[in-house]
Amino acid sequence: MESHIEKQNRDVLQKSFKEMISTLPKENCWGIPEALYQYQGFWLTPPFLQGALSAQQQFQAQPTDIILCSSPRTGAAWLKSLTFATITRTSYNDSTTPLLSKMPHDVVPFMEFDHAQFSTNRHLGIPLLATHLPYSFLPRSIIDSGCKLIYICRDPKDTFVSLHHFNARYNKSQNTQPVQLDEAFELFYEGVNWYGPYWDHVLGYWKASLEHPDKLLFLKYEELIEDTVLYLKKIAEFMGYPFSSEEQQQGVPENIVQLCSFENLNGLEVNKTGKHRDGQGDLAMENNIFFRKGKVGDWKNYLTTEMARRLDQRTLQKFRGSGLSV
Ligand code: PAP
């Protein structure tokens, strides 16, 4: 429970963050109620930027923490479900796992938002935390503690299409004017989207994964779809929760993959009708907004040849010399 003094200190800190944010370059776009503000090269809305700044000041990582990192719409919910089910596989079975009654975002706390849950979840012995922060924004204690990070990225074309649909649904829920695909495309292309520019986000983690391969596992959504069991085994090994040969013989990895599959999660009542951040104003959302198609290459149904060419060209140009391709 927070003391009076702690609350006062927190209020003072939040006020100073708000003042600083109000001086930053801003864009009213995407038809959302709050503007995006550009801080150290990336665009965030105030609640998440404030959360990022306060995490930078206060978050104390433990060496045993595992931080799931991603830019929005690249597979975070899937990664959360896979890692959560893997880590808790001896505590729950197929009929008791919390993934049946909570959506994946609600079983892993979000660093720049759910501060209060950190200690609670650690008491439960679940070392997972998630963030959308760029690598350069991570609290110092994460790097110093030597804890592990897993990053997931996705083809920018599918990421954009997913983001556009998510935003359209969000606009509808907020009764704001929906943004047309062409306009959203130009914003994404210029890097003006949540936690964008997308390419810079990916590159930050890619470079860190080359420097610290034992600490940062870099995943691609497309590879995870291609062979989920193989990658789940890699993830489990990397996290320090490897599947024993007996578990492999019993098909435990395959069961987890099935539990966390798009079809299974999308069909659960909680993910069809439940609410994420219920009661938290503009930030509350229907769970089903987070599940759309879960496919590779859906961009072909939305982008013109010219749009796809431009995004591919930008990707090539941004990733040139990095050794990364998507
Ligand atoms: P977030 O940043 O808003 O949390 P995130 O979970 O990272 O989103 O990514 C959402 C994408 O993952 C959606 O892609 P789509 O719009 O192209 O369909 C969503 O459908 C997809 N997704 C969610 N759960 C799964 C899953 N279990 N397997 C595969 N893809 C999934």
# chains A, B, ... in the order shown; residues from 1 in each chain; ligands from 1

call {"tool": "residues_near_ligand", "arguments": {"ligand": "ligand 1", "cutoff": "8 Å", "atoms": "only C-alpha atoms and all ligand atoms", "output": "number ranges by chain"}}
result
A: 70-79, 81, 105, 132, 158-159, 161-163, 165-166, 225, 260-266, 290-296, 298

call {"tool": "write_last_selection", "arguments": {"atoms": "N, CA and C atoms", "output": "short mmCIF file (atom, residue, chain, number, x, y, z; two decimals), in the first residue's frame"}}
result
data_model
loop_
_atom_site.label_atom_id
_atom_site.label_comp_id
_atom_site.auth_asym_id
_atom_site.auth_seq_id
_atom_site.Cartn_x
_atom_site.Cartn_y
_atom_site.Cartn_z
N SER A 70 8.33 -5.49 -27.80
CA SER A 70 7.79 -5.47 -29.17
C SER A 70 7.30 -4.08 -29.50
N SER A 71 7.22 -3.81 -30.80
CA SER A 71 6.50 -2.64 -31.26
C SER A 71 5.03 -3.09 -31.36
N PRO A 72 4.06 -2.17 -31.26
CA PRO A 72 2.67 -2.61 -31.32
C PRO A 72 2.34 -3.42 -32.58
N ARG A 73 1.46 -4.39 -32.41
CA ARG A 73 0.86 -5.21 -33.48
C ARG A 73 1.80 -6.22 -34.15
N THR A 74 2.83 -6.64 -33.43
CA THR A 74 3.77 -7.58 -34.04
C THR A 74 3.71 -8.97 -33.40
N GLY A 75 2.78 -9.20 -32.47
CA GLY A 75 2.64 -10.55 -31.91
C GLY A 75 2.87 -10.64 -30.41
N ALA A 76 2.75 -9.51 -29.71
CA ALA A 76 3.02 -9.51 -28.27
C ALA A 76 2.07 -10.43 -27.51
N ALA A 77 0.78 -10.38 -27.84
CA ALA A 77 -0.19 -11.19 -27.09
C ALA A 77 0.12 -12.68 -27.25
N TRP A 78 0.51 -13.04 -28.45
CA TRP A 78 0.86 -14.45 -28.72
C TRP A 78 2.10 -14.85 -27.91
N LEU A 79 3.13 -14.00 -27.97
CA LEU A 79 4.37 -14.27 -27.23
C LEU A 79 4.09 -14.36 -25.72
N SER A 81 1.28 -15.31 -24.29
CA SER A 81 0.59 -16.55 -23.97
C SER A 81 1.55 -17.73 -24.01
N HIS A 105 -2.81 -10.23 -22.53
CA HIS A 105 -2.26 -8.98 -22.00
C HIS A 105 -2.52 -8.85 -20.50
N HIS A 132 6.51 -2.01 -24.76
CA HIS A 132 6.64 -1.58 -26.16
C HIS A 132 7.79 -0.57 -26.27
N ASP A 158 2.56 -6.10 -42.91
CA ASP A 158 1.51 -6.69 -42.07
C ASP A 158 1.34 -5.92 -40.76
N THR A 159 2.44 -5.41 -40.25
CA THR A 159 2.37 -4.63 -39.00
C THR A 159 1.49 -3.40 -39.25
N VAL A 161 -0.83 -2.93 -41.60
CA VAL A 161 -2.24 -3.29 -41.84
C VAL A 161 -2.93 -3.63 -40.51
N SER A 162 -2.22 -4.35 -39.66
CA SER A 162 -2.78 -4.70 -38.34
C SER A 162 -3.02 -3.43 -37.51
N LEU A 163 -2.06 -2.53 -37.56
CA LEU A 163 -2.16 -1.27 -36.80
C LEU A 163 -3.34 -0.42 -37.30
N HIS A 165 -6.09 -1.43 -38.76
CA HIS A 165 -7.37 -2.01 -38.33
C HIS A 165 -7.61 -1.79 -36.85
N PHE A 166 -6.56 -1.95 -36.08
CA PHE A 166 -6.67 -1.74 -34.63
C PHE A 166 -7.11 -0.30 -34.36
N ILE A 225 5.25 -18.39 -36.83
CA ILE A 225 4.09 -19.04 -37.47
C ILE A 225 4.54 -20.29 -38.23
N CYS A 260 -2.21 -21.87 -27.23
CA CYS A 260 -1.96 -20.45 -27.55
C CYS A 260 -2.23 -20.12 -29.02
N SER A 261 -2.74 -21.07 -29.77
CA SER A 261 -2.96 -20.79 -31.19
C SER A 261 -4.02 -19.69 -31.35
N PHE A 262 -3.93 -19.00 -32.45
CA PHE A 262 -4.89 -17.92 -32.72
C PHE A 262 -6.31 -18.47 -32.65
N GLU A 263 -6.53 -19.61 -33.28
CA GLU A 263 -7.89 -20.17 -33.36
C GLU A 263 -8.42 -20.45 -31.96
N ASN A 264 -7.57 -21.04 -31.11
CA ASN A 264 -8.04 -21.38 -29.76
C ASN A 264 -8.31 -20.13 -28.93
N LEU A 265 -7.33 -19.22 -28.87
CA LEU A 265 -7.50 -18.02 -28.03
C LEU A 265 -8.64 -17.15 -28.55
N ASN A 266 -8.71 -17.01 -29.86
CA ASN A 266 -9.74 -16.18 -30.46
C ASN A 266 -11.15 -16.72 -30.17
N PHE A 290 -7.88 -7.19 -30.03
CA PHE A 290 -6.49 -7.67 -30.11
C PHE A 290 -6.35 -8.92 -30.98
N PHE A 291 -7.49 -9.49 -31.39
CA PHE A 291 -7.44 -10.69 -32.24
C PHE A 291 -8.13 -10.37 -33.56
N ARG A 292 -7.42 -10.43 -34.66
CA ARG A 292 -8.05 -10.10 -35.94
C ARG A 292 -7.95 -11.32 -36.85
N LYS A 293 -6.80 -11.53 -37.52
CA LYS A 293 -6.67 -12.69 -38.41
C LYS A 293 -5.51 -13.61 -38.03
N GLY A 294 -4.43 -12.98 -37.50
CA GLY A 294 -3.27 -13.79 -37.13
C GLY A 294 -2.63 -14.51 -38.31
N LYS A 295 -2.52 -13.81 -39.44
CA LYS A 295 -1.98 -14.44 -40.67
C LYS A 295 -0.75 -13.68 -41.17
N VAL A 296 0.04 -14.38 -41.98
CA VAL A 296 1.17 -13.73 -42.67
C VAL A 296 0.69 -13.33 -44.06
N ASP A 298 -1.38 -10.78 -44.99
CA ASP A 298 -2.72 -10.19 -45.16
C ASP A 298 -2.64 -8.81 -45.82
#

call {"tool": "residues_around", "arguments": {"residues": "Glu237 in chain A", "least_positions_apart": "5", "cutoff": "12 Å", "atoms": "only C-alpha atoms", "output": "list in words"}}
result
Thr83, Thr86, Ile87, Lys148, Asp214, Leu217, Leu230, Tyr231, Leu232, Pro242, Phe243, Ser244 and Pro253 of chain A

call {"tool": "residues_around", "arguments": {"residues": "range 60-65 of chain A", "least_positions_apart": "2", "cutoff": "7 Å", "atoms": "only C-alpha atoms", "output": "PDB file with N, CA and C atoms, in the first residue's frame"}}
result
ATOM      1  N   GLN A  58      12.169   4.455 -11.728  1.00  0.00           N
ATOM      2  CA  GLN A  58      11.861   3.632 -10.559  1.00  0.00           C
ATOM      3  C   GLN A  58      11.990   2.126 -10.740  1.00  0.00           C
ATOM      4  N   ILE A  67      11.853  -9.997 -20.014  1.00  0.00           N
ATOM      5  CA  ILE A  67      11.074  -8.875 -20.533  1.00  0.00           C
ATOM      6  C   ILE A  67      10.710  -9.148 -21.989  1.00  0.00           C
ATOM      7  N   PRO A 127       8.102 -14.408 -13.682  1.00  0.00           N
ATOM      8  CA  PRO A 127       9.106 -13.359 -13.931  1.00  0.00           C
ATOM      9  C   PRO A 127       8.856 -12.526 -15.179  1.00  0.00           C
ATOM     10  N   LEU A 128       7.684 -12.700 -15.821  1.00  0.00           N
ATOM     11  CA  LEU A 128       7.455 -12.023 -17.103  1.00  0.00           C
ATOM     12  C   LEU A 128       6.954 -10.593 -16.959  1.00  0.00           C
ATOM     13  N   SER A 141      18.268  -0.338 -15.121  1.00  0.00           N
ATOM     14  CA  SER A 141      18.383  -1.552 -14.298  1.00  0.00           C
ATOM     15  C   SER A 141      18.159  -2.818 -15.126  1.00  0.00           C
ATOM     16  N   ILE A 142      17.448  -2.693 -16.236  1.00  0.00           N
ATOM     17  CA  ILE A 142      17.227  -3.884 -17.079  1.00  0.00           C
ATOM     18  C   ILE A 142      18.559  -4.319 -17.691  1.00  0.00           C
ATOM     19  N   SER A 145      21.042  -5.414 -14.736  1.00  0.00           N
ATOM     20  CA  SER A 145      20.721  -6.650 -14.001  1.00  0.00           C
ATOM     21  C   SER A 145      21.078  -7.898 -14.804  1.00  0.00           C
ATOM     22  N   GLY A 146      21.252  -7.718 -16.120  1.00  0.00           N
ATOM     23  CA  GLY A 146      21.562  -8.883 -16.957  1.00  0.00           C
ATOM     24  C   GLY A 146      20.362  -9.786 -17.166  1.00  0.00           C
ATOM     25  N   CYS A 147      19.150  -9.259 -16.940  1.00  0.00           N
ATOM     26  CA  CYS A 147      17.968 -10.107 -17.153  1.00  0.00           C
ATOM     27  C   CYS A 147      17.775 -10.349 -18.653  1.00  0.00           C
ATOM     28  N   LYS A 148      16.900 -11.279 -18.974  1.00  0.00           N
ATOM     29  CA  LYS A 148      16.744 -11.659 -20.385  1.00  0.00           C
ATOM     30  C   LYS A 148      15.620 -10.887 -21.066  1.00  0.00           C
TER      31      LYS A 148
END

call {"tool": "select_by_dssp", "arguments": {"residues": "range 28-78 of chain A", "states": "strand (DSSP E or B)", "output": "list of chain:residue names"}}
result
A:Leu36, A:Tyr37, A:Gln38, A:Tyr39, A:Phe42, A:Trp43, A:Leu44, A:Ile66, A:Ile67, A:Leu68, A:Cys69, A:Ser70

call {"tool": "write_last_selection", "arguments": {"atoms": "C-alpha atoms", "output": "compact mmCIF listing (two decimals), in the first residue's frame"}}
result
# COMPACT_ATOMS: atom_id res chain seq x y z
CA LEU A 36 1.52 11.77 -30.16
CA TYR A 37 4.63 13.40 -28.70
CA GLN A 38 8.14 12.87 -30.03
CA TYR A 39 10.66 12.03 -27.34
CA PHE A 42 10.08 8.04 -30.92
CA TRP A 43 6.36 8.93 -30.87
CA LEU A 44 4.24 8.08 -27.80
CA ILE A 66 12.21 -11.92 -18.59
CA ILE A 67 11.07 -8.88 -20.53
CA LEU A 68 8.91 -9.37 -23.61
CA CYS A 69 9.56 -6.46 -25.97
CA SER A 70 7.79 -5.47 -29.17

call {"tool": "select_by_dssp", "arguments": {"residues": "range 278-315 of chain A", "states": "helix (DSSP H, G or I)", "output": "PyMOL selection string"}}
result
chain A and resi 281-283+287-290+298-301+305-315

call {"tool": "closest_residue", "arguments": {"among": "A:Asn255, A:Asn271, A:Gln57, A:Gln174", "to": "Leu100 in chain A", "atoms": "only C-alpha atoms"}}
result
A:Asn271

call {"tool": "residues_around", "arguments": {"residues": "Asp200 in chain A", "least_positions_apart": "6", "cutoff": "10 Å", "atoms": "only C-alpha atoms", "output": "list in words"}}
result
Gly41, Phe42, Pro134, Tyr135, Gly191, Trp206, Lys318 and Phe319 of chain A

call {"tool": "atom_distance", "arguments": {"atom1": "CA of Lys26 in chain A", "atom2": "CA of Val179 in chain A"}}
result
17.8 Å

call {"tool": "closest_residue", "arguments": {"among": "A:Leu187, A:Leu259, A:Ile21, A:Leu311", "to": "Thr96 in chain A", "atoms": "only C-alpha atoms"}}
result
A:Leu259

call {"tool": "closest_residue", "arguments": {"among": "A:Trp199, A:Asp282, A:Leu303, A:Ala236", "to": "Gln317 in chain A", "atoms": "only C-alpha atoms"}}
result
A:Trp199

call {"tool": "atom_distance", "arguments": {"atom1": "CA of Ile32 in chain A", "atom2": "CA of Phe59 in chain A"}}
result
28.7 Å

call {"tool": "residues_around", "arguments": {"residues": "Arg314 in chain A", "least_positions_apart": "5", "cutoff": "10 Å", "atoms": "only C-alpha atoms", "output": "PyMOL selection string"}}
result
chain A and resi 156+189-190+199+308-309+319-320

call {"tool": "decode", "arguments": {"residues": "range 46-192 of chain A", "atoms": "C-alpha atoms", "output": "JSON list (two decimals), in the first residue's frame"}}
result
[["chain", "number", "residue", "atom", "x", "y", "z"],
["A", 46, "PRO", "CA", 1.28, 11.02, -22.83],
["A", 47, "PRO", "CA", 0.08, 8.19, -20.56],
["A", 48, "PHE", "CA", 2.64, 5.79, -22.01],
["A", 49, "LEU", "CA", 5.42, 8.36, -22.17],
["A", 50, "GLN", "CA", 4.79, 9.28, -18.54],
["A", 51, "GLY", "CA", 4.83, 5.57, -17.70],
["A", 52, "ALA", "CA", 8.10, 5.17, -19.60],
["A", 53, "LEU", "CA", 9.74, 8.05, -17.75],
["A", 54, "SER", "CA", 8.58, 6.81, -14.40],
["A", 55, "ALA", "CA", 9.73, 3.23, -15.20],
["A", 56, "GLN", "CA", 13.13, 4.68, -16.15],
["A", 57, "GLN", "CA", 13.37, 6.31, -12.75],
["A", 58, "GLN", "CA", 11.86, 3.63, -10.56],
["A", 59, "PHE", "CA", 11.85, 0.21, -12.13],
["A", 60, "GLN", "CA", 14.27, -2.21, -10.51],
["A", 61, "ALA", "CA", 14.80, -5.25, -12.69],
["A", 62, "GLN", "CA", 15.71, -8.58, -11.13],
["A", 63, "PRO", "CA", 18.30, -10.80, -12.84],
["A", 64, "THR", "CA", 15.57, -13.45, -13.16],
["A", 65, "ASP", "CA", 13.16, -11.15, -15.02],
["A", 66, "ILE", "CA", 12.21, -11.92, -18.59],
["A", 67, "ILE", "CA", 11.07, -8.88, -20.53],
["A", 68, "LEU", "CA", 8.91, -9.37, -23.61],
["A", 69, "CYS", "CA", 9.56, -6.46, -25.97],
["A", 70, "SER", "CA", 7.79, -5.47, -29.17],
["A", 71, "SER", "CA", 6.50, -2.64, -31.26],
["A", 72, "PRO", "CA", 2.67, -2.61, -31.32],
["A", 73, "ARG", "CA", 0.86, -5.21, -33.48],
["A", 74, "THR", "CA", 3.77, -7.58, -34.04],
["A", 75, "GLY", "CA", 2.64, -10.55, -31.91],
["A", 76, "ALA", "CA", 3.02, -9.51, -28.27],
["A", 77, "ALA", "CA", -0.19, -11.19, -27.09],
["A", 78, "TRP", "CA", 0.86, -14.45, -28.72],
["A", 79, "LEU", "CA", 4.37, -14.27, -27.23],
["A", 80, "LYS", "CA", 2.87, -13.53, -23.80],
["A", 81, "SER", "CA", 0.59, -16.55, -23.97],
["A", 82, "LEU", "CA", 3.38, -18.89, -25.14],
["A", 83, "THR", "CA", 5.88, -17.76, -22.50],
["A", 84, "PHE", "CA", 3.29, -17.65, -19.71],
["A", 85, "ALA", "CA", 2.02, -21.16, -20.52],
["A", 86, "THR", "CA", 5.60, -22.46, -20.69],
["A", 87, "ILE", "CA", 6.69, -20.97, -17.38],
["A", 88, "THR", "CA", 3.53, -22.01, -15.51],
["A", 89, "ARG", "CA", 3.21, -25.48, -17.08],
["A", 90, "THR", "CA", 3.77, -27.33, -13.81],
["A", 91, "SER", "CA", 1.41, -25.06, -11.82],
["A", 92, "TYR", "CA", -1.60, -25.37, -14.12],
["A", 93, "ASN", "CA", -3.04, -27.87, -16.51],
["A", 94, "ASP", "CA", -5.11, -27.43, -19.68],
["A", 95, "SER", "CA", -8.29, -26.78, -17.72],
["A", 96, "THR", "CA", -6.89, -24.53, -14.95],
["A", 97, "THR", "CA", -4.55, -22.20, -16.85],
["A", 98, "PRO", "CA", -5.43, -18.51, -16.36],
["A", 99, "LEU", "CA", -5.22, -18.17, -20.14],
["A", 100, "LEU", "CA", -8.74, -19.61, -20.27],
["A", 101, "SER", "CA", -10.20, -16.79, -18.21],
["A", 102, "LYS", "CA", -7.86, -13.84, -18.88],
["A", 103, "MET", "CA", -6.65, -12.39, -22.14],
["A", 104, "PRO", "CA", -2.86, -12.67, -22.70],
["A", 105, "HIS", "CA", -2.26, -8.98, -22.00],
["A", 106, "ASP", "CA", -3.80, -9.47, -18.57],
["A", 107, "VAL", "CA", -1.49, -12.27, -17.45],
["A", 108, "VAL", "CA", 1.74, -10.33, -18.07],
["A", 109, "PRO", "CA", 2.06, -6.78, -16.69],
["A", 110, "PHE", "CA", 2.98, -3.96, -19.04],
["A", 111, "MET", "CA", 6.01, -2.00, -17.90],
["A", 112, "GLU", "CA", 4.98, 1.52, -18.86],
["A", 113, "PHE", "CA", 1.50, 1.10, -17.47],
["A", 114, "ASP", "CA", 1.01, -1.54, -14.80],
["A", 115, "HIS", "CA", 3.68, -0.51, -12.28],
["A", 116, "ALA", "CA", 1.56, -1.51, -9.33],
["A", 117, "GLN", "CA", 1.40, -5.11, -10.50],
["A", 118, "PHE", "CA", 5.15, -5.69, -10.65],
["A", 119, "SER", "CA", 5.65, -6.73, -7.07],
["A", 120, "THR", "CA", 2.40, -8.71, -6.99],
["A", 121, "ASN", "CA", 3.40, -10.79, -9.98],
["A", 122, "ARG", "CA", 6.87, -11.43, -8.67],
["A", 123, "HIS", "CA", 5.34, -12.82, -5.47],
["A", 124, "LEU", "CA", 3.52, -15.26, -7.67],
["A", 125, "GLY", "CA", 6.87, -16.29, -9.08],
["A", 126, "ILE", "CA", 6.09, -15.26, -12.62],
["A", 127, "PRO", "CA", 9.11, -13.36, -13.93],
["A", 128, "LEU", "CA", 7.46, -12.02, -17.10],
["A", 129, "LEU", "CA", 7.00, -8.35, -17.91],
["A", 130, "ALA", "CA", 6.15, -6.75, -21.24],
["A", 131, "THR", "CA", 6.98, -3.44, -22.87],
["A", 132, "HIS", "CA", 6.64, -1.58, -26.16],
["A", 133, "LEU", "CA", 9.53, 0.72, -25.25],
["A", 134, "PRO", "CA", 12.37, 1.12, -27.76],
["A", 135, "TYR", "CA", 15.64, -0.45, -26.62],
["A", 136, "SER", "CA", 17.16, 2.97, -25.96],
["A", 137, "PHE", "CA", 14.29, 3.79, -23.54],
["A", 138, "LEU", "CA", 14.69, 0.72, -21.31],
["A", 139, "PRO", "CA", 15.33, 1.47, -17.65],
["A", 140, "ARG", "CA", 19.04, 1.20, -16.85],
["A", 141, "SER", "CA", 18.38, -1.55, -14.30],
["A", 142, "ILE", "CA", 17.23, -3.88, -17.08],
["A", 143, "ILE", "CA", 20.60, -3.68, -18.80],
["A", 144, "ASP", "CA", 22.59, -3.71, -15.55],
["A", 145, "SER", "CA", 20.72, -6.65, -14.00],
["A", 146, "GLY", "CA", 21.56, -8.88, -16.96],
["A", 147, "CYS", "CA", 17.97, -10.11, -17.15],
["A", 148, "LYS", "CA", 16.74, -11.66, -20.38],
["A", 149, "LEU", "CA", 14.80, -9.97, -23.16],
["A", 150, "ILE", "CA", 12.76, -11.46, -25.97],
["A", 151, "TYR", "CA", 11.88, -9.24, -28.92],
["A", 152, "ILE", "CA", 9.34, -10.03, -31.62],
["A", 153, "CYS", "CA", 9.14, -8.16, -34.92],
["A", 154, "ARG", "CA", 7.01, -8.58, -38.03],
["A", 155, "ASP", "CA", 6.98, -7.62, -41.70],
["A", 156, "PRO", "CA", 6.29, -3.85, -41.71],
["A", 157, "LYS", "CA", 3.49, -4.30, -44.29],
["A", 158, "ASP", "CA", 1.51, -6.69, -42.07],
["A", 159, "THR", "CA", 2.37, -4.63, -39.00],
["A", 160, "PHE", "CA", 0.94, -1.53, -40.68],
["A", 161, "VAL", "CA", -2.24, -3.29, -41.84],
["A", 162, "SER", "CA", -2.78, -4.70, -38.34],
["A", 163, "LEU", "CA", -2.16, -1.27, -36.80],
["A", 164, "HIS", "CA", -4.57, 0.43, -39.19],
["A", 165, "HIS", "CA", -7.37, -2.01, -38.33],
["A", 166, "PHE", "CA", -6.67, -1.74, -34.63],
["A", 167, "ASN", "CA", -6.78, 2.04, -34.86],
["A", 168, "ALA", "CA", -10.02, 1.99, -36.87],
["A", 169, "ARG", "CA", -11.64, -0.17, -34.17],
["A", 170, "TYR", "CA", -10.29, 2.15, -31.50],
["A", 171, "ASN", "CA", -11.59, 5.25, -33.35],
["A", 172, "LYS", "CA", -15.01, 3.62, -33.46],
["A", 173, "SER", "CA", -14.99, 2.85, -29.75],
["A", 174, "GLN", "CA", -14.03, 6.46, -29.00],
["A", 175, "ASN", "CA", -16.55, 7.90, -31.47],
["A", 176, "THR", "CA", -13.76, 9.72, -33.28],
["A", 177, "GLN", "CA", -13.44, 10.15, -37.04],
["A", 178, "PRO", "CA", -11.82, 7.05, -38.60],
["A", 179, "VAL", "CA", -8.55, 7.65, -40.44],
["A", 180, "GLN", "CA", -8.43, 6.49, -44.07],
["A", 181, "LEU", "CA", -5.89, 3.85, -45.08],
["A", 182, "ASP", "CA", -3.93, 6.29, -47.34],
["A", 183, "GLU", "CA", -3.51, 8.81, -44.55],
["A", 184, "ALA", "CA", -2.55, 6.13, -42.01],
["A", 185, "PHE", "CA", -0.06, 4.73, -44.52],
["A", 186, "GLU", "CA", 1.75, 8.06, -44.91],
["A", 187, "LEU", "CA", 1.95, 8.46, -41.13],
["A", 188, "PHE", "CA", 3.41, 4.97, -40.69],
["A", 189, "TYR", "CA", 5.79, 5.51, -43.62],
["A", 190, "GLU", "CA", 7.06, 8.69, -41.98],
["A", 191, "GLY", "CA", 7.40, 6.89, -38.64],
["A", 192, "VAL", "CA", 4.63, 8.85, -36.90]]
